[in-house]
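Everything below belongs to coords.pdb, which stores PDB, C-alpha atoms and all ligand atoms.
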```
ATOM      1  CA  MET Y  25      13.198   2.872   9.771  1.00  0.00           C
ATOM      2  CA  GLU Y  26      14.289  -0.741   9.781  1.00  0.00           C
ATOM      3  CA  LEU Y  27      15.347  -0.922  13.449  1.00  0.00           C
ATOM      4  CA  LEU Y  28      11.965   0.434  14.543  1.00  0.00           C
ATOM      5  CA  GLU Y  29       9.992  -1.922  12.297  1.00  0.00           C
ATOM      6  CA  GLN Y  30      11.935  -4.887  13.672  1.00  0.00           C
ATOM      7  CA  ARG Y  31      11.163  -3.788  17.211  1.00  0.00           C
ATOM      8  CA  ILE Y  32       7.458  -3.292  16.474  1.00  0.00           C
ATOM      9  CA  ARG Y  33       7.310  -6.787  14.931  1.00  0.00           C
ATOM     10  CA  LYS Y  34       9.118  -8.299  17.916  1.00  0.00           C
ATOM     11  CA  ASP Y  35       7.422  -6.485  20.804  1.00  0.00           C
ATOM     12  CA  GLY Y  36       4.283  -4.745  19.473  1.00  0.00           C
ATOM     13  CA  LEU Y  37       0.949  -6.212  20.520  1.00  0.00           C
ATOM     14  CA  VAL Y  38      -2.018  -5.813  18.183  1.00  0.00           C
ATOM     15  CA  LYS Y  39      -5.257  -5.212  20.096  1.00  0.00           C
ATOM     16  CA  GLU Y  40      -8.881  -5.108  19.042  1.00  0.00           C
ATOM     17  CA  GLY Y  41     -10.099  -1.694  17.898  1.00  0.00           C
ATOM     18  CA  ASN Y  42      -7.051  -0.979  15.735  1.00  0.00           C
ATOM     19  CA  VAL Y  43      -4.763  -0.307  18.687  1.00  0.00           C
ATOM     20  CA  LEU Y  44      -1.086  -1.232  18.769  1.00  0.00           C
ATOM     21  CA  LYS Y  45       0.460  -1.549  22.215  1.00  0.00           C
ATOM     22  CA  VAL Y  46       4.140  -0.688  22.391  1.00  0.00           C
ATOM     23  CA  ASP Y  47       4.345  -0.372  26.159  1.00  0.00           C
ATOM     24  CA  SER Y  48       7.551  -2.391  26.457  1.00  0.00           C
ATOM     25  CA  PHE Y  49       9.687   0.128  24.548  1.00  0.00           C
ATOM     26  CA  LEU Y  50       7.769   3.379  23.934  1.00  0.00           C
ATOM     27  CA  ASN Y  51       4.637   4.068  25.967  1.00  0.00           C
ATOM     28  CA  HIS Y  52       5.334   2.733  29.450  1.00  0.00           C
ATOM     29  CA  GLN Y  53       8.860   1.347  29.627  1.00  0.00           C
ATOM     30  CA  ILE Y  54      11.076   3.407  27.314  1.00  0.00           C
ATOM     31  CA  ASP Y  55      14.078   2.120  25.358  1.00  0.00           C
ATOM     32  CA  ILE Y  56      16.384   5.139  25.387  1.00  0.00           C
ATOM     33  CA  GLY Y  57      18.835   3.577  22.926  1.00  0.00           C
ATOM     34  CA  LEU Y  58      16.049   3.197  20.378  1.00  0.00           C
ATOM     35  CA  LEU Y  59      14.788   6.719  21.064  1.00  0.00           C
ATOM     36  CA  ASN Y  60      18.274   8.079  20.429  1.00  0.00           C
ATOM     37  CA  GLU Y  61      18.276   6.376  17.028  1.00  0.00           C
ATOM     38  CA  ILE Y  62      14.826   7.882  16.401  1.00  0.00           C
ATOM     39  CA  GLY Y  63      16.168  11.320  17.357  1.00  0.00           C
ATOM     40  CA  LYS Y  64      19.074  10.955  14.913  1.00  0.00           C
ATOM     41  CA  GLU Y  65      16.720   9.861  12.140  1.00  0.00           C
ATOM     42  CA  PHE Y  66      14.412  12.877  12.612  1.00  0.00           C
ATOM     43  CA  LYS Y  67      17.467  15.143  12.615  1.00  0.00           C
ATOM     44  CA  ARG Y  68      18.603  13.588   9.314  1.00  0.00           C
ATOM     45  CA  ILE Y  69      15.121  13.954   7.779  1.00  0.00           C
ATOM     46  CA  PHE Y  70      14.632  17.573   8.898  1.00  0.00           C
ATOM     47  CA  ALA Y  71      18.286  18.600   8.438  1.00  0.00           C
ATOM     48  CA  GLY Y  72      17.376  21.332   5.948  1.00  0.00           C
ATOM     49  CA  GLU Y  73      15.041  23.072   8.391  1.00  0.00           C
ATOM     50  CA  LYS Y  74      15.972  25.786  10.878  1.00  0.00           C
ATOM     51  CA  ILE Y  75      13.808  24.545  13.739  1.00  0.00           C
ATOM     52  CA  THR Y  76      13.518  26.639  16.913  1.00  0.00           C
ATOM     53  CA  LYS Y  77      11.050  24.607  19.012  1.00  0.00           C
ATOM     54  CA  ILE Y  78       9.707  21.090  19.251  1.00  0.00           C
ATOM     55  CA  LEU Y  79       6.033  20.865  20.169  1.00  0.00           C
ATOM     56  CA  THR Y  80       4.230  17.810  21.512  1.00  0.00           C
ATOM     57  CA  VAL Y  81       1.323  16.946  23.790  1.00  0.00           C
ATOM     58  CA  GLU Y  82       1.466  15.358  27.227  1.00  0.00           C
ATOM     59  CA  ALA Y  83       1.927  12.726  28.434  1.00  0.00           C
ATOM     60  CA  SER Y  84       3.541  10.134  26.193  1.00  0.00           C
ATOM     61  CA  GLY Y  85       4.900  12.707  23.737  1.00  0.00           C
ATOM     62  CA  ILE Y  86       7.109  14.364  26.337  1.00  0.00           C
ATOM     63  CA  ALA Y  87       9.810  11.730  26.781  1.00  0.00           C
ATOM     64  CA  ILE Y  88      10.025  11.173  23.045  1.00  0.00           C
ATOM     65  CA  ALA Y  89      10.213  14.867  22.184  1.00  0.00           C
ATOM     66  CA  ALA Y  90      12.792  15.482  24.909  1.00  0.00           C
ATOM     67  CA  ILE Y  91      15.204  12.935  23.481  1.00  0.00           C
ATOM     68  CA  VAL Y  92      14.595  14.007  19.886  1.00  0.00           C
ATOM     69  CA  ALA Y  93      15.172  17.657  20.893  1.00  0.00           C
ATOM     70  CA  GLN Y  94      18.736  16.905  21.969  1.00  0.00           C
ATOM     71  CA  TYR Y  95      19.625  16.347  18.299  1.00  0.00           C
ATOM     72  CA  PHE Y  96      18.104  19.706  17.318  1.00  0.00           C
ATOM     73  CA  ASP Y  97      19.426  21.547  20.376  1.00  0.00           C
ATOM     74  CA  VAL Y  98      16.121  23.371  20.876  1.00  0.00           C
ATOM     75  CA  PRO Y  99      13.567  23.480  23.732  1.00  0.00           C
ATOM     76  CA  VAL Y 100      10.552  21.202  23.938  1.00  0.00           C
ATOM     77  CA  VAL Y 101       7.158  22.743  24.596  1.00  0.00           C
ATOM     78  CA  PHE Y 102       4.359  20.370  25.488  1.00  0.00           C
ATOM     79  CA  ALA Y 103       0.680  21.198  25.297  1.00  0.00           C
ATOM     80  CA  LYS Y 104      -0.944  20.544  28.667  1.00  0.00           C
ATOM     81  CA  LYS Y 105      -4.289  18.869  29.074  1.00  0.00           C
ATOM     82  CA  THR Y 106      -6.458  20.870  31.422  1.00  0.00           C
ATOM     83  CA  LEU Y 107      -9.891  20.910  33.001  1.00  0.00           C
ATOM     84  CA  THR Y 108     -10.002  24.652  33.548  1.00  0.00           C
ATOM     85  CA  ILE Y 109      -9.260  27.049  30.744  1.00  0.00           C
ATOM     86  CA  ASN Y 110      -7.843  30.332  31.929  1.00  0.00           C
ATOM     87  CA  LEU Y 111      -9.522  33.018  29.843  1.00  0.00           C
ATOM     88  CA  ASP Y 112      -7.093  35.836  30.670  1.00  0.00           C
ATOM     89  CA  GLY Y 113      -5.516  35.544  27.219  1.00  0.00           C
ATOM     90  CA  SER Y 114      -2.170  34.244  28.421  1.00  0.00           C
ATOM     91  CA  MET Y 115      -2.675  30.865  26.750  1.00  0.00           C
ATOM     92  CA  TYR Y 116      -3.232  29.420  23.310  1.00  0.00           C
ATOM     93  CA  THR Y 117      -6.001  26.847  23.593  1.00  0.00           C
ATOM     94  CA  THR Y 118      -7.558  24.127  21.495  1.00  0.00           C
ATOM     95  CA  LYS Y 119      -9.416  20.854  21.896  1.00  0.00           C
ATOM     96  CA  ILE Y 120      -7.983  17.408  21.203  1.00  0.00           C
ATOM     97  CA  GLU Y 121     -10.067  14.271  21.027  1.00  0.00           C
ATOM     98  CA  SER Y 122      -8.129  11.327  22.415  1.00  0.00           C
ATOM     99  CA  PHE Y 123      -8.191   8.218  20.265  1.00  0.00           C
ATOM    100  CA  THR Y 124      -7.102   5.921  23.087  1.00  0.00           C
ATOM    101  CA  HIS Y 125      -9.208   7.456  25.872  1.00  0.00           C
ATOM    102  CA  LYS Y 126     -12.273   8.304  23.772  1.00  0.00           C
ATOM    103  CA  ARG Y 127     -12.712  11.741  25.308  1.00  0.00           C
ATOM    104  CA  THR Y 128     -11.992  15.358  24.433  1.00  0.00           C
ATOM    105  CA  TYR Y 129      -9.390  17.420  26.281  1.00  0.00           C
ATOM    106  CA  ASP Y 130      -8.834  21.147  26.338  1.00  0.00           C
ATOM    107  CA  VAL Y 131      -5.138  21.715  25.817  1.00  0.00           C
ATOM    108  CA  ILE Y 132      -3.140  24.851  26.495  1.00  0.00           C
ATOM    109  CA  VAL Y 133       0.261  26.329  25.682  1.00  0.00           C
ATOM    110  CA  SER Y 134       1.480  29.510  27.318  1.00  0.00           C
ATOM    111  CA  ARG Y 135       2.020  32.482  24.996  1.00  0.00           C
ATOM    112  CA  LYS Y 136       5.414  32.853  26.659  1.00  0.00           C
ATOM    113  CA  TYR Y 137       6.776  29.740  24.973  1.00  0.00           C
ATOM    114  CA  LEU Y 138       5.588  30.032  21.371  1.00  0.00           C
ATOM    115  CA  GLY Y 139       5.456  33.075  19.108  1.00  0.00           C
ATOM    116  CA  PRO Y 140       5.695  34.381  15.521  1.00  0.00           C
ATOM    117  CA  GLU Y 141       9.488  33.978  15.496  1.00  0.00           C
ATOM    118  CA  ASP Y 142       9.265  30.215  15.979  1.00  0.00           C
ATOM    119  CA  ARG Y 143       9.643  27.487  13.357  1.00  0.00           C
ATOM    120  CA  VAL Y 144       8.159  24.399  14.919  1.00  0.00           C
ATOM    121  CA  LEU Y 145       8.609  20.653  14.541  1.00  0.00           C
ATOM    122  CA  VAL Y 146       5.663  18.676  15.923  1.00  0.00           C
ATOM    123  CA  ILE Y 147       6.616  15.288  17.381  1.00  0.00           C
ATOM    124  CA  ASP Y 148       4.283  12.525  18.578  1.00  0.00           C
ATOM    125  CA  ASP Y 149       4.348   8.801  19.161  1.00  0.00           C
ATOM    126  CA  PHE Y 150       1.326   7.769  17.035  1.00  0.00           C
ATOM    127  CA  LEU Y 151      -0.675   9.249  14.184  1.00  0.00           C
ATOM    128  CA  ALA Y 152      -4.168   7.763  13.900  1.00  0.00           C
ATOM    129  CA  ASN Y 153      -7.107  10.074  13.121  1.00  0.00           C
ATOM    130  CA  GLY Y 154      -4.845  13.088  13.334  1.00  0.00           C
ATOM    131  CA  CYS Y 155      -6.679  14.898  16.156  1.00  0.00           C
ATOM    132  CA  ALA Y 156      -3.609  15.387  18.329  1.00  0.00           C
ATOM    133  CA  VAL Y 157      -1.477  16.743  15.476  1.00  0.00           C
ATOM    134  CA  THR Y 158      -4.309  18.918  14.143  1.00  0.00           C
ATOM    135  CA  GLY Y 159      -4.751  20.442  17.614  1.00  0.00           C
ATOM    136  CA  LEU Y 160      -1.029  21.187  17.831  1.00  0.00           C
ATOM    137  CA  ILE Y 161      -1.110  22.805  14.385  1.00  0.00           C
ATOM    138  CA  ASP Y 162      -4.065  24.963  15.554  1.00  0.00           C
ATOM    139  CA  ILE Y 163      -1.882  26.184  18.412  1.00  0.00           C
ATOM    140  CA  ILE Y 164       1.049  26.934  16.074  1.00  0.00           C
ATOM    141  CA  GLU Y 165      -1.304  28.933  13.821  1.00  0.00           C
ATOM    142  CA  GLU Y 166      -2.763  30.780  16.809  1.00  0.00           C
ATOM    143  CA  ALA Y 167       0.784  31.697  17.856  1.00  0.00           C
ATOM    144  CA  GLY Y 168       1.607  32.991  14.363  1.00  0.00           C
ATOM    145  CA  ALA Y 169       4.522  30.547  14.314  1.00  0.00           C
ATOM    146  CA  SER Y 170       5.411  28.459  11.263  1.00  0.00           C
ATOM    147  CA  LEU Y 171       5.241  24.694  10.956  1.00  0.00           C
ATOM    148  CA  ALA Y 172       8.367  22.949   9.648  1.00  0.00           C
ATOM    149  CA  GLY Y 173       6.752  19.536   9.706  1.00  0.00           C
ATOM    150  CA  VAL Y 174       5.419  16.667  11.762  1.00  0.00           C
ATOM    151  CA  GLY Y 175       7.597  13.770  12.935  1.00  0.00           C
ATOM    152  CA  ILE Y 176       5.709  10.642  13.909  1.00  0.00           C
ATOM    153  CA  ILE Y 177       7.165   7.424  15.248  1.00  0.00           C
ATOM    154  CA  ILE Y 178       4.278   5.122  14.230  1.00  0.00           C
ATOM    155  CA  GLU Y 179       1.595   6.094  11.721  1.00  0.00           C
ATOM    156  CA  LYS Y 180      -1.404   3.820  11.225  1.00  0.00           C
ATOM    157  CA  ALA Y 181      -2.439   4.090   7.575  1.00  0.00           C
ATOM    158  CA  THR Y 182      -5.602   2.214   8.559  1.00  0.00           C
ATOM    159  CA  GLN Y 183      -6.822   5.606   9.827  1.00  0.00           C
ATOM    160  CA  ASP Y 184      -6.795   8.684   7.638  1.00  0.00           C
ATOM    161  CA  GLY Y 185      -5.079  11.319   9.803  1.00  0.00           C
ATOM    162  CA  GLY Y 186      -1.844  11.172   7.796  1.00  0.00           C
ATOM    163  CA  LYS Y 187      -3.670  11.306   4.480  1.00  0.00           C
ATOM    164  CA  ARG Y 188      -5.703  14.364   5.485  1.00  0.00           C
ATOM    165  CA  LEU Y 189      -2.703  16.239   6.856  1.00  0.00           C
ATOM    166  CA  ARG Y 190      -0.659  15.580   3.684  1.00  0.00           C
ATOM    167  CA  GLU Y 191      -3.609  16.717   1.563  1.00  0.00           C
ATOM    168  CA  ARG Y 192      -3.501  19.988   3.535  1.00  0.00           C
ATOM    169  CA  GLY Y 193       0.126  20.343   2.480  1.00  0.00           C
ATOM    170  CA  VAL Y 194       1.610  19.451   5.862  1.00  0.00           C
ATOM    171  CA  ARG Y 195       4.971  17.686   5.734  1.00  0.00           C
ATOM    172  CA  VAL Y 196       4.383  14.469   7.691  1.00  0.00           C
ATOM    173  CA  GLU Y 197       7.381  12.166   8.190  1.00  0.00           C
ATOM    174  CA  SER Y 198       6.601   8.849   9.868  1.00  0.00           C
ATOM    175  CA  LEU Y 199       9.374   6.440  10.803  1.00  0.00           C
ATOM    176  CA  ALA Y 200       7.096   3.387  10.551  1.00  0.00           C
ATOM    177  CA  ILE Y 201       3.805   3.257   8.659  1.00  0.00           C
ATOM    178  CA  ILE Y 202       1.460   0.383   9.440  1.00  0.00           C
ATOM    179  CA  GLU Y 203      -0.539  -0.684   6.419  1.00  0.00           C
ATOM    180  CA  ASP Y 204      -2.464  -3.331   8.225  1.00  0.00           C
ATOM    181  CA  MET Y 205      -2.496  -5.257  11.494  1.00  0.00           C
ATOM    182  CA  ASP Y 206      -4.438  -8.293  12.567  1.00  0.00           C
ATOM    183  CA  PRO Y 207      -5.518  -8.695  16.207  1.00  0.00           C
ATOM    184  CA  VAL Y 208      -6.075 -12.438  15.735  1.00  0.00           C
ATOM    185  CA  THR Y 209      -2.758 -13.458  14.177  1.00  0.00           C
ATOM    186  CA  GLY Y 210      -0.787 -10.458  15.473  1.00  0.00           C
ATOM    187  CA  GLU Y 211       0.579  -9.933  11.971  1.00  0.00           C
ATOM    188  CA  ILE Y 212       1.704  -6.406  11.076  1.00  0.00           C
ATOM    189  CA  THR Y 213       2.313  -5.170   7.517  1.00  0.00           C
ATOM    190  CA  PHE Y 214       4.348  -2.028   6.938  1.00  0.00           C
ATOM    191  CA  ARG Y 215       4.053   0.420   4.065  1.00  0.00           C
ATOM    192  CA  HIS Y 216       7.250   1.511   2.344  1.00  0.00           C
ATOM    193  CA  GLN Y 217       7.208   4.579   0.087  1.00  0.00           C
TER
HETATM  194  P1  LIG F   1      -4.939  10.730  16.761  1.00  0.00           P
HETATM  195  O1  LIG F   1      -5.114  12.002  17.502  1.00  0.00           O
HETATM  196  O2  LIG F   1      -4.034  10.843  15.561  1.00  0.00           O
HETATM  197  O3  LIG F   1      -6.234  10.022  16.454  1.00  0.00           O
HETATM  198  O4  LIG F   1      -4.218   9.724  17.764  1.00  0.00           O
HETATM  199  C1  LIG F   1      -2.912   9.988  18.194  1.00  0.00           C
HETATM  200  C2  LIG F   1      -2.785   9.845  19.672  1.00  0.00           C
HETATM  201  O5  LIG F   1      -3.544   8.734  20.154  1.00  0.00           O
HETATM  202  C3  LIG F   1      -1.337   9.586  19.993  1.00  0.00           C
HETATM  203  O6  LIG F   1      -0.846  10.689  20.714  1.00  0.00           O
HETATM  204  C4  LIG F   1      -1.342   8.321  20.835  1.00  0.00           C
HETATM  205  O7  LIG F   1      -1.080   8.668  22.171  1.00  0.00           O
HETATM  206  C5  LIG F   1      -2.714   7.739  20.735  1.00  0.00           C
HETATM  207  N1  LIG F   1      -2.812   6.563  19.860  1.00  0.00           N
HETATM  208  C6  LIG F   1      -3.484   6.464  18.691  1.00  0.00           C
HETATM  209  N2  LIG F   1      -3.440   5.231  18.196  1.00  0.00           N
HETATM  210  C7  LIG F   1      -2.712   4.498  19.058  1.00  0.00           C
HETATM  211  C8  LIG F   1      -2.301   3.116  19.093  1.00  0.00           C
HETATM  212  O8  LIG F   1      -2.620   2.281  18.223  1.00  0.00           O
HETATM  213  N3  LIG F   1      -1.544   2.743  20.144  1.00  0.00           N
HETATM  214  C9  LIG F   1      -1.166   3.608  21.125  1.00  0.00           C
HETATM  215  N4  LIG F   1      -0.401   3.126  22.105  1.00  0.00           N
HETATM  216  N5  LIG F   1      -1.534   4.911  21.141  1.00  0.00           N
HETATM  217  C10 LIG F   1      -2.299   5.352  20.117  1.00  0.00           C
END
```
Rewritten as structure tokens:
Amino acid sequence: MELLEQRIRKDGLVKEGNVLKVDSFLNHQIDIGLLNEIGKEFKRIFAGEKITKILTVEASGIAIAAIVAQYFDVPVVFAKKTLTINLDGSMYTTKIESFTHKRTYDVIVSRKYLGPEDRVLVIDDFLANGCAVTGLIDIIEEAGASLAGVGIIIEKATQDGGKRLRERGVRVESLAIIEDMDPVTGEITFRHQ
């Protein structure tokens, strides 16, 4: 997505450790105009799918998924990170290892909000090692729901999450794919299919 690539080039900051900071328009301050364009683009890409729910993980996924969901006219469900897992069976649970925080979270989704009748679009801001998306797919499988695909705003091809998910047969659609980024020069190279 050209508009997104331009914005990443203009305002993205390349940090050591293969981290891209996009706090000025996506992860701290949010450019709603850009997110609306992102929502329209995901709707165009997944137009052939009858999606019933959008699933993401807190916290940064929520704002993004909420705006995207307006174009699909479906509810957003977000997996919650928790310290205490309730074992009464009312929740789907899985573990997600955070790339940015270097720790593992238990995440939960209530059985009330996802079930076998659902066809789910997973939305997240970044795809790196694929832990967040894999955890969300675990929850969809646990719910007996079906996965329509995964919509990612920025995929880093320098990590193999996207490759592994596609090898599993998951439809992953990323609006910008970073081939390479240099923390010294700040240069970012995008991959175009
Ligand atoms: P994964 O689970 O695929 O390894 O990482 C995805 C999650 O880690 C995303 O939800 C995102 O919050 C965070 N993340 C991974 N890489 C980056 C990055 O380069 N920059 C930022 N801002 N977040 C990232």
Open item on the list: Which residue is closest to Y:Ala87? Choose from Y:Asp149, Y:Arg33, Y:Gly41, Y:Thr213 and count all atoms listed in the file.
Closed with: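 Of all the options, Y:Asp149 lies closest to Y:Ala87.
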Task: Residue nearest Y:Lys187 - candidates Y:Leu151, Y:Val101, Y:Leu27, Y:Ile54, atoms counted: only C-alpha atoms - done: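 Checking each of Y:Leu151, Y:Val101, Y:Leu27, Y:Ile54 against Y:Lys187, counting only C-alpha atoms, the winner is Y:Leu151.
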Open item on the list: the PyMOL selection byres (((chain Y and resi 165) around 12) and not hetatm) - which residues does that actually catch in the file I just gave you? List them as a VMD selection string.
Closed with: chain Y and resid 116 to 118 138 to 140 142 to 144 158 to 164 166 to 171
TODO: Starting from the shown file, work through the PyMOL selection byres (((chain Y and resi 45-51) around 12) and not hetatm) and note down what comes out as number ranges by chain.
DONE: Y: 28-29, 31-44, 52-59, 62, 82-89, 124, 148-150, 177-178, 205, 207, 210
Task: Nearest-residue call for Y:Ala181, choices Y:Gly72, Y:Pro99, Y:Gly154, Y:Gly193, using only C-alpha atoms - done: Y:Gly154
Task: Between atom N4 of ligand LIG 1 (chain F) and atom CA of Y:Leu145 - distance in Å to one decimal - done: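 Interatomic distance, atom CA of Y:Leu145 to atom N4 of ligand LIG 1 (chain F): 21.1 Å.
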TODO: Give me, please, the distance in Å between atom O6 of ligand LIG 1 (chain F) and atom CA of Y:Asp112, quoted to one decimal.
DONE: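 One can read the atom O6 of ligand LIG 1 (chain F) to atom CA of Y:Asp112 distance as 27.8 Å.
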- [ ] Go through the shown structure with the PyMOL selection byres (((chain Y and resi 133) around 6) and not hetatm) and write out the matching residues as a ChimeraX atom specification.
- [x] /Y:103,115-116,132,134
Saved selection, atoms kept: C-alpha atoms, as an mmCIF file, keeping the file's coordinate frame:
```
data_model
loop_
_atom_site.group_PDB
_atom_site.id
_atom_site.type_symbol
_atom_site.label_atom_id
_atom_site.label_comp_id
_atom_site.auth_asym_id
_atom_site.auth_seq_id
_atom_site.Cartn_x
_atom_site.Cartn_y
_atom_site.Cartn_z
ATOM 1 C CA ALA Y 103 0.680 21.198 25.297
ATOM 2 C CA MET Y 115 -2.675 30.865 26.750
ATOM 3 C CA TYR Y 116 -3.232 29.420 23.310
ATOM 4 C CA ILE Y 132 -3.140 24.851 26.495
ATOM 5 C CA SER Y 134 1.480 29.510 27.318
#
```
Box for stretch 170-188 of chain Y - axis-aligned, 4 Å on each of the six sides, all listed atoms - centre and size in Å to one decimal, as AutoDock Vina command-line options.
```
--center_x 0.8 --center_y 15.3 --center_z 9.9 --size_x 23.2 --size_y 34.2 --size_z 18.8
```
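The spacing separating atom C8 of ligand LIG 1 (chain F) from atom CA of Y:Val208 amounts to 16.4 Å.
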Task: Selected residue of minimal separation from Y:Asn110 among Y:Gln94, Y:Lys64, Y:Val131, Y:Phe123, counting all atoms listed in the file - done: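 Result for the nearest residue to Y:Asn110: Y:Val131.
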TODO: Could you check which of Y:Ile147, Y:Ile212, Y:Ala71, Y:Val157 is closest to Y:Leu199, using all atoms listed in the file?
DONE: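 Closest residue, counting all atoms listed in the file: Y:Ile147.
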Task: Nearest residue to ligand LIG 1 (chain F) from the set Y:Thr108, Y:Ser122, Y:Asn60, Y:Ser114 (distances using only C-alpha atoms and all ligand atoms) - done: Y:Ser122
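Protein, DNA and RNA residues at most 6 Å from (-5.3, 17.2, 20.3), with all atoms listed in the file, are these: Lys119, Ile120, Glu121, Cys155, Ala156 and Gly159 of chain Y.
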Subset file as a PDB file, in the first residue's frame: stretch 136-148 of chain Y, C-alpha atoms:
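The new file decode09.pdb reads:
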```
ATOM      1  CA  LYS Y 136     -19.505 -15.991  24.668  1.00  0.00           C
ATOM      2  CA  TYR Y 137     -17.871 -14.000  21.882  1.00  0.00           C
ATOM      3  CA  LEU Y 138     -16.460 -16.649  19.544  1.00  0.00           C
ATOM      4  CA  GLY Y 139     -17.992 -19.927  18.400  1.00  0.00           C
ATOM      5  CA  PRO Y 140     -18.262 -22.494  15.577  1.00  0.00           C
ATOM      6  CA  GLU Y 141     -20.546 -20.208  13.550  1.00  0.00           C
ATOM      7  CA  ASP Y 142     -17.869 -17.530  13.230  1.00  0.00           C
ATOM      8  CA  ARG Y 143     -15.627 -16.798  10.248  1.00  0.00           C
ATOM      9  CA  VAL Y 144     -12.810 -14.707  11.615  1.00  0.00           C
ATOM     10  CA  LEU Y 145     -10.408 -12.114  10.241  1.00  0.00           C
ATOM     11  CA  VAL Y 146      -7.337 -11.647  12.445  1.00  0.00           C
ATOM     12  CA  ILE Y 147      -5.939  -8.104  12.427  1.00  0.00           C
ATOM     13  CA  ASP Y 148      -2.693  -6.870  13.991  1.00  0.00           C
TER      14      ASP Y 148
END
```
